[in-house]
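Engineer: I'm passing along start_35.cif; it holds mmCIF, C-alpha atoms.
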```
data_query
#
loop_
_atom_site.label_atom_id
_atom_site.label_comp_id
_atom_site.auth_asym_id
_atom_site.auth_seq_id
_atom_site.Cartn_x
_atom_site.Cartn_y
_atom_site.Cartn_z
CA MET A 1 19.01 60.58 112.93
CA PRO A 2 16.40 61.97 110.57
CA PRO A 3 17.66 63.55 107.38
CA ALA A 4 17.82 67.29 107.20
CA PRO A 5 14.85 68.93 105.52
CA THR A 6 15.51 69.48 101.89
CA ARG A 7 12.84 72.03 101.06
CA ASP A 8 15.22 74.95 101.42
CA ILE A 9 17.93 73.47 99.28
CA GLY A 10 18.57 75.66 96.33
CA ARG A 11 16.63 78.53 97.79
CA PRO A 12 18.52 81.80 97.75
CA LEU A 13 19.40 83.26 101.10
CA THR A 14 18.09 86.64 100.15
CA ASP A 15 14.43 87.44 99.73
CA ALA A 16 13.06 87.01 96.29
CA PRO A 17 12.23 90.25 94.53
CA PRO A 18 8.57 91.17 94.89
CA HIS A 19 6.25 90.20 92.15
CA PRO A 20 5.70 93.10 89.79
CA GLY A 21 2.66 94.97 90.88
CA SER A 22 2.60 93.38 94.30
CA HIS A 23 2.97 95.47 97.40
CA ARG A 24 5.69 94.06 99.57
CA ASP A 25 5.36 94.30 103.33
CA THR A 26 6.49 97.81 104.01
CA THR A 27 7.11 97.55 107.72
CA ASP A 28 10.74 98.11 106.85
CA ASP A 29 10.87 101.86 106.56
CA THR A 30 14.12 101.77 104.68
CA SER A 31 12.96 99.81 101.66
CA PRO A 32 10.24 101.24 99.51
CA PRO A 33 8.35 98.75 97.38
CA ILE A 34 9.07 98.35 93.72
CA GLU A 35 5.96 99.57 92.01
CA ALA A 36 5.72 98.19 88.54
CA GLY A 37 3.08 99.58 86.25
CA SER A 38 2.75 102.70 88.32
CA THR A 39 3.20 105.03 85.42
CA THR A 40 -0.47 105.89 85.45
CA GLY A 41 -1.89 108.89 87.28
CA ALA A 42 -2.42 109.27 90.98
CA PRO A 43 -4.07 106.32 92.74
CA ARG A 44 -7.65 106.48 93.92
CA TRP A 45 -6.82 107.09 97.54
CA VAL A 46 -4.82 110.19 96.60
CA LYS A 47 -7.71 111.51 94.51
CA ALA A 48 -10.13 110.85 97.38
CA PHE A 49 -7.90 112.70 99.84
CA GLY A 50 -7.50 115.56 97.40
CA LEU A 51 -11.25 115.82 96.97
CA ILE A 52 -11.79 115.87 100.73
CA ALA A 53 -9.10 118.52 101.13
CA VAL A 54 -10.70 120.72 98.47
CA VAL A 55 -14.13 120.37 100.10
CA VAL A 56 -12.72 121.25 103.53
CA VAL A 57 -10.86 124.28 102.18
CA VAL A 58 -14.00 125.52 100.39
CA LEU A 59 -16.07 124.99 103.54
CA VAL A 60 -13.57 126.94 105.64
CA ILE A 61 -13.52 129.79 103.13
CA VAL A 62 -17.32 129.90 103.03
CA LEU A 63 -17.48 129.91 106.83
CA LEU A 64 -14.92 132.69 107.01
CA LEU A 65 -16.79 134.79 104.48
CA THR A 66 -20.25 134.26 105.94
CA GLY A 67 -19.94 134.10 109.69
CA GLY A 68 -16.38 133.99 110.87
CA GLY A 69 -14.96 137.07 109.27
CA ASN A 70 -13.00 137.96 112.36
CA HIS A 71 -11.51 134.53 112.70
CA GLY A 72 -7.77 134.15 112.88
CA PRO A 73 -4.92 135.38 114.97
CA GLY A 74 -5.26 138.91 113.68
CA ARG A 75 -8.42 139.45 115.65
CA HIS A 76 -6.43 139.34 118.87
CA THR A 77 -3.31 141.09 117.77
CA GLY A 78 -4.64 144.08 115.92
CA GLY A 79 -3.60 147.48 117.14
CA ASP A 80 -7.12 148.77 117.59
CA ALA A 81 -10.06 146.69 118.67
CA GLY A 82 -13.14 148.54 117.59
CA GLY A 83 -11.76 151.90 118.53
CA GLN A 84 -11.07 150.82 122.09
CA THR A 85 -7.76 151.31 123.75
CA ALA A 86 -6.14 148.05 124.60
CA PRO A 87 -5.91 147.49 128.33
CA PRO A 88 -2.61 146.22 129.61
CA VAL A 89 -2.58 142.67 130.88
CA THR A 90 0.23 141.95 133.27
CA ARG A 91 1.33 138.35 133.30
CA SER A 92 2.59 136.87 136.52
CA GLY A 93 3.83 133.57 135.14
CA PRO A 94 7.50 132.61 135.18
CA ALA A 95 7.93 133.39 131.52
CA ALA A 96 6.35 136.77 131.83
CA GLN A 97 7.72 138.19 135.03
CA THR A 98 9.71 140.75 133.17
CA ALA A 99 7.25 141.48 130.43
CA THR A 100 3.97 143.26 130.35
CA ARG A 101 1.79 142.50 127.39
CA HIS A 102 -0.66 144.94 125.97
CA LEU A 103 -3.54 143.00 124.61
CA PRO A 104 -6.59 144.29 122.83
CA ALA A 105 -9.92 144.29 124.52
CA PRO A 106 -12.16 141.29 123.80
CA THR A 107 -14.07 141.59 120.60
CA ARG A 108 -17.82 141.15 120.47
CA ARG A 109 -17.35 137.63 119.18
CA ASP A 110 -15.18 136.74 122.14
CA ALA A 111 -17.77 138.01 124.54
CA GLN A 112 -20.44 135.73 123.19
CA MET B 113 21.90 111.11 100.26
CA ARG B 114 21.64 107.85 102.20
CA SER B 115 22.38 107.53 105.87
CA ARG B 116 23.83 104.52 107.60
CA PRO B 117 21.46 101.92 109.09
CA ARG B 118 22.18 102.81 112.71
CA LEU B 119 21.68 106.50 112.03
CA ARG B 120 18.52 105.72 110.06
CA LYS B 121 17.06 103.79 112.98
CA PHE B 122 17.87 106.63 115.32
CA ALA B 123 16.23 109.17 113.02
CA LEU B 124 13.18 106.95 112.63
CA THR B 125 12.90 106.52 116.40
CA ALA B 126 13.17 110.27 116.94
CA HIS B 127 10.52 110.91 114.30
CA VAL B 128 8.10 108.37 115.79
CA ILE B 129 8.61 109.70 119.33
CA THR B 130 8.10 113.34 118.38
CA SER B 131 5.13 112.64 116.11
CA VAL B 132 3.30 110.36 118.52
CA GLY B 133 4.17 112.71 121.37
CA TRP B 134 2.65 115.56 119.40
CA LEU B 135 -0.51 113.55 118.82
CA GLY B 136 -0.75 112.71 122.53
CA ALA B 137 -0.22 116.33 123.52
CA VAL B 138 -3.02 117.38 121.16
CA VAL B 139 -5.35 114.89 122.89
CA VAL B 140 -4.48 116.44 126.26
CA PHE B 141 -5.00 119.92 124.79
CA LEU B 142 -8.39 118.86 123.46
CA ALA B 143 -9.40 117.56 126.89
CA LEU B 144 -8.37 120.85 128.50
CA SER B 145 -10.24 122.86 125.89
CA VAL B 146 -13.41 120.88 126.62
CA VAL B 147 -12.92 121.49 130.35
CA GLY B 148 -12.46 125.20 129.70
CA LEU B 149 -15.60 125.26 127.62
CA THR B 150 -17.88 123.30 129.91
CA SER B 151 -16.73 123.73 133.50
CA GLN B 152 -18.91 125.87 135.73
CA GLN B 153 -16.10 126.69 138.15
CA ALA B 154 -14.22 129.87 137.38
CA PRO B 155 -10.82 128.75 138.74
CA VAL B 156 -11.02 125.57 136.67
CA VAL B 157 -11.82 127.50 133.49
CA ARG B 158 -8.97 129.94 134.10
CA ALA B 159 -6.55 127.12 134.87
CA ALA B 160 -7.56 125.29 131.71
CA TYR B 161 -6.73 128.26 129.46
CA LEU B 162 -3.46 128.94 131.26
CA ALA B 163 -2.49 125.27 130.99
CA MET B 164 -3.41 125.26 127.30
CA GLU B 165 -1.06 128.13 126.63
CA SER B 166 1.76 126.44 128.51
CA ILE B 167 1.20 123.16 126.69
CA GLY B 168 1.12 125.06 123.43
CA TRP B 169 4.43 126.84 123.83
CA LEU B 170 6.31 124.21 125.81
CA VAL B 171 5.05 120.99 124.23
CA LEU B 172 3.05 121.42 121.02
CA VAL B 173 5.27 123.91 119.24
CA PRO B 174 8.58 122.12 120.02
CA LEU B 175 7.15 118.72 119.14
CA SER B 176 5.61 119.95 115.89
CA ILE B 177 8.88 121.48 114.74
CA ALA B 178 10.86 118.43 115.89
CA SER B 179 8.44 116.14 114.06
CA LEU B 180 8.84 118.18 110.89
CA LEU B 181 12.63 118.23 111.08
CA THR B 182 13.01 114.53 111.93
CA GLY B 183 10.53 113.69 109.18
CA LEU B 184 12.58 115.63 106.65
CA ILE B 185 15.75 113.86 107.78
CA GLN B 186 14.01 110.51 107.66
CA ALA B 187 12.64 111.08 104.17
CA LEU B 188 15.81 112.50 102.67
CA GLY B 189 18.05 109.95 104.38
CA THR B 190 16.26 106.88 103.03
CA LYS B 191 15.20 105.55 99.66
CA TRP B 192 11.66 106.75 100.27
CA GLY B 193 12.65 110.28 99.39
CA LEU B 194 10.65 113.39 100.16
CA LEU B 195 8.72 113.83 96.93
CA GLN B 196 8.66 110.34 95.43
CA HIS B 197 5.72 108.70 97.22
CA TYR B 198 2.30 110.25 97.67
CA TRP B 199 1.98 109.15 101.27
CA VAL B 200 5.26 110.86 102.20
CA LEU B 201 4.23 113.98 100.32
CA MET B 202 0.86 114.01 102.05
CA LYS B 203 2.45 113.61 105.46
CA LEU B 204 4.78 116.49 104.68
CA ALA B 205 1.81 118.68 103.71
CA ILE B 206 -0.07 117.73 106.87
CA ASN B 207 2.94 118.46 109.06
CA VAL B 208 3.70 121.82 107.45
CA ILE B 209 0.07 122.98 107.51
CA ALA B 210 -0.49 121.86 111.11
CA THR B 211 2.71 123.55 112.28
CA ILE B 212 1.90 126.84 110.54
CA VAL B 213 -1.66 126.92 111.87
CA LEU B 214 -0.39 126.06 115.35
CA LEU B 215 2.16 128.89 115.32
CA LEU B 216 -0.50 131.34 114.14
CA TYR B 217 -3.04 130.09 116.62
CA MET B 218 -0.67 130.50 119.55
CA GLN B 219 -1.32 134.24 119.34
CA SER B 220 -5.02 133.71 119.95
CA LEU B 221 -4.26 131.26 122.71
CA SER B 222 -1.90 133.69 124.41
CA TYR B 223 -4.64 136.29 124.28
CA LEU B 224 -7.13 133.92 125.92
CA ALA B 225 -4.57 132.96 128.57
CA GLY B 226 -3.89 136.63 129.27
CA LEU B 227 -7.61 137.16 129.72
CA ALA B 228 -7.82 134.20 132.09
CA GLU B 229 -4.97 135.60 134.13
CA GLN B 230 -6.60 138.96 134.73
CA THR B 231 -7.36 139.12 138.41
CA ALA B 232 -10.10 141.69 137.79
CA LEU B 233 -12.07 139.28 135.67
CA PRO B 234 -15.32 138.71 137.54
CA ASP B 235 -16.53 135.16 137.81
CA GLY B 236 -19.74 136.10 136.10
CA ASN B 237 -17.83 137.18 133.03
CA LEU B 238 -16.51 133.74 132.22
CA ASP B 239 -18.50 133.70 129.02
CA GLY B 240 -16.08 136.28 127.69
CA LEU B 241 -13.30 133.81 128.28
CA ARG B 242 -14.94 130.66 127.01
CA SER B 243 -14.31 129.97 123.38
CA PRO B 244 -14.97 126.90 121.24
CA SER B 245 -12.00 127.85 119.13
CA PRO B 246 -9.33 125.81 121.03
CA ALA B 247 -11.50 122.69 120.92
CA LEU B 248 -12.18 123.12 117.19
CA HIS B 249 -8.51 123.65 116.38
CA ALA B 250 -7.46 120.72 118.56
CA ALA B 251 -10.05 118.42 116.99
CA ALA B 252 -8.90 119.38 113.50
CA ALA B 253 -5.26 118.86 114.49
CA LEU B 254 -6.07 115.48 116.00
CA LEU B 255 -7.80 114.39 112.82
CA LEU B 256 -4.85 115.47 110.68
CA LEU B 257 -2.31 113.77 112.92
CA LEU B 258 -4.34 110.56 112.97
CA VAL B 259 -4.36 110.58 109.17
CA ALA B 260 -0.59 111.12 109.18
CA ALA B 261 -0.03 108.27 111.64
CA THR B 262 -2.22 105.95 109.58
CA LEU B 263 -0.34 106.84 106.41
CA SER B 264 2.93 106.08 108.17
CA VAL B 265 1.83 102.58 109.11
CA TYR B 266 -0.01 101.54 105.93
CA LYS B 267 2.23 103.35 103.45
CA PRO B 268 -0.33 103.15 100.65
CA ARG B 269 1.17 102.68 97.22
CA GLY B 270 1.43 105.38 94.65
CA MET B 271 4.41 107.22 93.27
CA THR B 272 4.55 110.75 92.03
CA ARG B 273 5.80 111.45 88.51
CA TYR B 274 9.10 112.50 90.00
CA GLY B 275 9.26 109.25 91.95
CA GLN B 276 8.49 107.22 88.83
CA ARG B 277 11.31 108.93 86.98
CA LYS B 278 13.71 108.22 89.83
CA GLN B 279 12.62 104.60 89.92
CA LEU B 280 13.24 104.22 86.20
CA GLN B 281 16.70 105.73 86.66
CA ARG B 282 17.46 103.29 89.48
CA ARG B 283 16.29 100.34 87.39
CA ALA B 284 18.43 101.45 84.47
CA ALA B 285 21.45 101.75 86.73
CA LEU B 286 20.77 98.30 88.19
CA SER B 287 20.46 96.67 84.77
CA ARG B 288 23.69 98.31 83.63
CA THR B 289 25.46 96.94 86.69
CA ALA B 290 23.96 93.48 86.09
CA THR B 291 25.09 93.37 82.46
CA ARG B 292 28.62 94.35 83.44
CA ALA B 293 28.73 91.54 86.02
#
```
Please express what this file holds, its structure, as structure tokens.

Structural biologist:
Amino acid sequence: MPPAPTRDIGRPLTDAPPHPGSHRDTTDDTSPPIEAGSTTGAPRWVKAFGLIAVVVVVLVIVLLLTGGGNHGPGRHTGGDAGGQTAPPVTRSGPAAQTATRHLPAPTRRDAQ
Amino acid sequence: MRSRPRLRKFALTAHVITSVGWLGAVVVFLALSVVGLTSQQAPVVRAAYLAMESIGWLVLVPLSIASLLTGLIQALGTKWGLLQHYWVLMKLAINVIATIVLLLYMQSLSYLAGLAEQTALPDGNLDGLRSPSPALHAAAALLLLLVAATLSVYKPRGMTRYGQRKQLQRRAALSRTATRA
């Protein structure tokens, strides 16, 4: 009978603590890694995401100001659509059998 | 505020199901919006907009809210916390923004569906119904949700200042316990 392997003798049953600065496998959603030396500012990936977010927000604002001024839910829910009276739209679906919605007429942008 | 392991697993499962389900529903919505934009057949275009509204109210909105709530439970019930790690914080921002925009956009979608339902709408007037807006919103939502899903899997490192303070407090408590033992 061969002798039992001895390489695990003396090894603790629990996992060794992660090396400081290392990023332990985080597939376990219940145990966040210990992040030593993380007292600096935000990591690069956060800064990159922040930069992208700022660029996207600026682009959206520019688009809204230049060409899409009537973008948004308000364009469909306003009380008066270009001085026109809103025609009633009767819904026949199951959720609307008892309700009649009065929706504004399509705006010029919608008709394009 | 730590939950028990079994409860944690359940909350995690619920969060994964609702979040991935939301992502899948957005893909379906995007496909319908492309059909509504490109189809030459009036009944198909009308059906696409009506289906989009139904998917919006019956699938997207419930799943987005469920994903947000289960995510909050998951974050607050584990050691990850809600505001301690950048990736959790970023996912929270994505979820909140996407849910708010979705709820606002449902008004526009209901309007388009109402237009598609009008029996008096002549077939030649389909251009008044077609709108690139649903496809644009769905594409943006898909991108955001893909980023959120990727963050969930990779969990990139990086703690907020608040998280660093909490970690220092935990370490101090641990060392105190160790010295007593």

Engineer: Give as a tab-separated table (two decimals) with C-alpha atoms, in the frame of the given file every residue of chain B that touches chain A within 6 Å, counting only C-alpha atoms.

Structural biologist:
```tsv
chain	number	residue	atom	x	y	z
B	190	THR	CA	16.26	106.88	103.03
B	192	TRP	CA	11.66	106.75	100.27
B	217	TYR	CA	-3.04	130.09	116.62
B	219	GLN	CA	-1.32	134.24	119.34
B	220	SER	CA	-5.02	133.71	119.95
B	240	GLY	CA	-16.08	136.28	127.69
B	270	GLY	CA	1.43	105.38	94.65
```

Engineer: Tell me, in Å to one decimal, how far CA of Ala250 (chain B) is from CA of Ser145 (chain B).

Structural biologist: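 Between CA of Ala250 (chain B) and CA of Ser145 (chain B) the gap works out to 8.1 Å.
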
Engineer: Grab the CA of Leu144 (chain B) to CA of Ala163 (chain B) distance for me, in Å with one decimal place.

Structural biologist: 7.8 Å

Engineer: Could you state the separation of CA of Ile209 (chain B) and CA of Ala260 (chain B) in Å, given to one decimal place?

Structural biologist: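 Spanning CA of Ile209 (chain B) to CA of Ala260 (chain B) is a straight-line distance of 12.0 Å.
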
Engineer: For this structure, which residues satisfy the selection - the PyMOL selection byres ((chain B and resi 248) around 12) - when it is evaluated on the file as given? I want them as a PyMOL selection string.

Structural biologist: chain B and resi 138+141-143+145-146+149+217+243-247+249-255

Engineer: Name the residues captured by the PyMOL selection byres ((chain B and resi 152) around 12) when it is applied to the shown file; answer as a tab-separated table (two decimals) with C-alpha atoms, in the frame of the given file.

Structural biologist:
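Heads up, here's the output in expr.tsv:
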```tsv
chain	number	residue	atom	x	y	z
B	146	VAL	CA	-13.41	120.88	126.62
B	147	VAL	CA	-12.92	121.49	130.35
B	148	GLY	CA	-12.46	125.20	129.70
B	149	LEU	CA	-15.60	125.26	127.62
B	150	THR	CA	-17.88	123.30	129.91
B	151	SER	CA	-16.73	123.73	133.50
B	153	GLN	CA	-16.10	126.69	138.15
B	154	ALA	CA	-14.22	129.87	137.38
B	155	PRO	CA	-10.82	128.75	138.74
B	156	VAL	CA	-11.02	125.57	136.67
B	157	VAL	CA	-11.82	127.50	133.49
B	158	ARG	CA	-8.97	129.94	134.10
B	235	ASP	CA	-16.53	135.16	137.81
B	236	GLY	CA	-19.74	136.10	136.10
B	237	ASN	CA	-17.83	137.18	133.03
B	238	LEU	CA	-16.51	133.74	132.22
B	239	ASP	CA	-18.50	133.70	129.02
B	242	ARG	CA	-14.94	130.66	127.01
```

Engineer: I would like the residues chosen by the PyMOL selection byres ((chain B and resi 181) around 12) on the shown file; could you give them as a PDB file with C-alpha atoms, in the coordinates of the input?

Structural biologist:
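The result, stored in selection_27.pdb:
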```
ATOM      1  CA  ALA B 123      16.230 109.170 113.020  1.00  0.00           C
ATOM      2  CA  LEU B 124      13.180 106.950 112.630  1.00  0.00           C
ATOM      3  CA  ALA B 126      13.170 110.270 116.940  1.00  0.00           C
ATOM      4  CA  HIS B 127      10.520 110.910 114.300  1.00  0.00           C
ATOM      5  CA  VAL B 128       8.100 108.370 115.790  1.00  0.00           C
ATOM      6  CA  THR B 130       8.100 113.340 118.380  1.00  0.00           C
ATOM      7  CA  SER B 131       5.130 112.640 116.110  1.00  0.00           C
ATOM      8  CA  PRO B 174       8.580 122.120 120.020  1.00  0.00           C
ATOM      9  CA  LEU B 175       7.150 118.720 119.140  1.00  0.00           C
ATOM     10  CA  SER B 176       5.610 119.950 115.890  1.00  0.00           C
ATOM     11  CA  ILE B 177       8.880 121.480 114.740  1.00  0.00           C
ATOM     12  CA  ALA B 178      10.860 118.430 115.890  1.00  0.00           C
ATOM     13  CA  SER B 179       8.440 116.140 114.060  1.00  0.00           C
ATOM     14  CA  LEU B 180       8.840 118.180 110.890  1.00  0.00           C
ATOM     15  CA  THR B 182      13.010 114.530 111.930  1.00  0.00           C
ATOM     16  CA  GLY B 183      10.530 113.690 109.180  1.00  0.00           C
ATOM     17  CA  LEU B 184      12.580 115.630 106.650  1.00  0.00           C
ATOM     18  CA  ILE B 185      15.750 113.860 107.780  1.00  0.00           C
ATOM     19  CA  GLN B 186      14.010 110.510 107.660  1.00  0.00           C
ATOM     20  CA  ALA B 187      12.640 111.080 104.170  1.00  0.00           C
ATOM     21  CA  LEU B 188      15.810 112.500 102.670  1.00  0.00           C
ATOM     22  CA  GLY B 189      18.050 109.950 104.380  1.00  0.00           C
ATOM     23  CA  LEU B 204       4.780 116.490 104.680  1.00  0.00           C
ATOM     24  CA  ASN B 207       2.940 118.460 109.060  1.00  0.00           C
ATOM     25  CA  VAL B 208       3.700 121.820 107.450  1.00  0.00           C
ATOM     26  CA  THR B 211       2.710 123.550 112.280  1.00  0.00           C
TER      27      THR B 211
END
```

Engineer: Because the input lacks atoms here, generate N, CA and C atoms for region 209-231 of chain B and report them as a JSON list (two decimals), in the coordinates of the input.

Structural biologist:
```
[["chain", "number", "residue", "atom", "x", "y", "z"],
["B", 209, "ILE", "N", 1.30, 122.22, 107.28],
["B", 209, "ILE", "CA", 0.07, 122.98, 107.51],
["B", 209, "ILE", "C", -0.25, 123.04, 109.00],
["B", 210, "ALA", "N", -0.16, 121.89, 109.68],
["B", 210, "ALA", "CA", -0.49, 121.86, 111.11],
["B", 210, "ALA", "C", 0.47, 122.74, 111.91],
["B", 211, "THR", "N", 1.74, 122.74, 111.54],
["B", 211, "THR", "CA", 2.71, 123.55, 112.28],
["B", 211, "THR", "C", 2.45, 125.05, 112.06],
["B", 212, "ILE", "N", 2.16, 125.43, 110.83],
["B", 212, "ILE", "CA", 1.90, 126.84, 110.54],
["B", 212, "ILE", "C", 0.65, 127.32, 111.28],
["B", 213, "VAL", "N", -0.42, 126.53, 111.19],
["B", 213, "VAL", "CA", -1.66, 126.92, 111.87],
["B", 213, "VAL", "C", -1.44, 126.99, 113.38],
["B", 214, "LEU", "N", -0.67, 126.04, 113.91],
["B", 214, "LEU", "CA", -0.39, 126.06, 115.35],
["B", 214, "LEU", "C", 0.35, 127.33, 115.75],
["B", 215, "LEU", "N", 1.38, 127.69, 114.98],
["B", 215, "LEU", "CA", 2.16, 128.89, 115.32],
["B", 215, "LEU", "C", 1.29, 130.14, 115.24],
["B", 216, "LEU", "N", 0.40, 130.19, 114.25],
["B", 216, "LEU", "CA", -0.50, 131.34, 114.14],
["B", 216, "LEU", "C", -1.51, 131.35, 115.28],
["B", 217, "TYR", "N", -1.99, 130.16, 115.61],
["B", 217, "TYR", "CA", -3.04, 130.09, 116.62],
["B", 217, "TYR", "C", -2.51, 130.39, 118.02],
["B", 218, "MET", "N", -1.22, 130.23, 118.23],
["B", 218, "MET", "CA", -0.67, 130.50, 119.55],
["B", 218, "MET", "C", -0.89, 131.95, 119.97],
["B", 219, "GLN", "N", -1.03, 132.84, 118.99],
["B", 219, "GLN", "CA", -1.32, 134.24, 119.34],
["B", 219, "GLN", "C", -2.71, 134.36, 119.97],
["B", 220, "SER", "N", -3.67, 133.69, 119.39],
["B", 220, "SER", "CA", -5.02, 133.71, 119.95],
["B", 220, "SER", "C", -5.02, 133.06, 121.33],
["B", 221, "LEU", "N", -4.29, 131.98, 121.44],
["B", 221, "LEU", "CA", -4.26, 131.26, 122.71],
["B", 221, "LEU", "C", -3.60, 132.10, 123.80],
["B", 222, "SER", "N", -2.56, 132.82, 123.44],
["B", 222, "SER", "CA", -1.90, 133.69, 124.41],
["B", 222, "SER", "C", -2.85, 134.79, 124.86],
["B", 223, "TYR", "N", -3.66, 135.27, 123.91],
["B", 223, "TYR", "CA", -4.64, 136.29, 124.28],
["B", 223, "TYR", "C", -5.64, 135.73, 125.28],
["B", 224, "LEU", "N", -6.16, 134.54, 125.02],
["B", 224, "LEU", "CA", -7.13, 133.92, 125.92],
["B", 224, "LEU", "C", -6.51, 133.66, 127.29],
["B", 225, "ALA", "N", -5.25, 133.22, 127.30],
["B", 225, "ALA", "CA", -4.57, 132.96, 128.57],
["B", 225, "ALA", "C", -4.37, 134.26, 129.34],
["B", 226, "GLY", "N", -4.04, 135.33, 128.62],
["B", 226, "GLY", "CA", -3.89, 136.63, 129.27],
["B", 226, "GLY", "C", -5.19, 137.09, 129.89],
["B", 227, "LEU", "N", -6.29, 136.81, 129.20],
["B", 227, "LEU", "CA", -7.61, 137.16, 129.72],
["B", 227, "LEU", "C", -7.91, 136.35, 130.97],
["B", 228, "ALA", "N", -7.55, 135.07, 130.94],
["B", 228, "ALA", "CA", -7.82, 134.20, 132.09],
["B", 228, "ALA", "C", -6.99, 134.60, 133.29],
["B", 229, "GLU", "N", -5.87, 135.25, 133.03],
["B", 229, "GLU", "CA", -4.97, 135.60, 134.13],
["B", 229, "GLU", "C", -5.35, 136.92, 134.80],
["B", 230, "GLN", "N", -6.22, 137.67, 134.16],
["B", 230, "GLN", "CA", -6.60, 138.96, 134.73],
["B", 230, "GLN", "C", -7.31, 138.74, 136.05],
["B", 231, "THR", "N", -6.76, 139.32, 137.10],
["B", 231, "THR", "CA", -7.36, 139.12, 138.41],
["B", 231, "THR", "C", -8.68, 139.87, 138.53]]
```
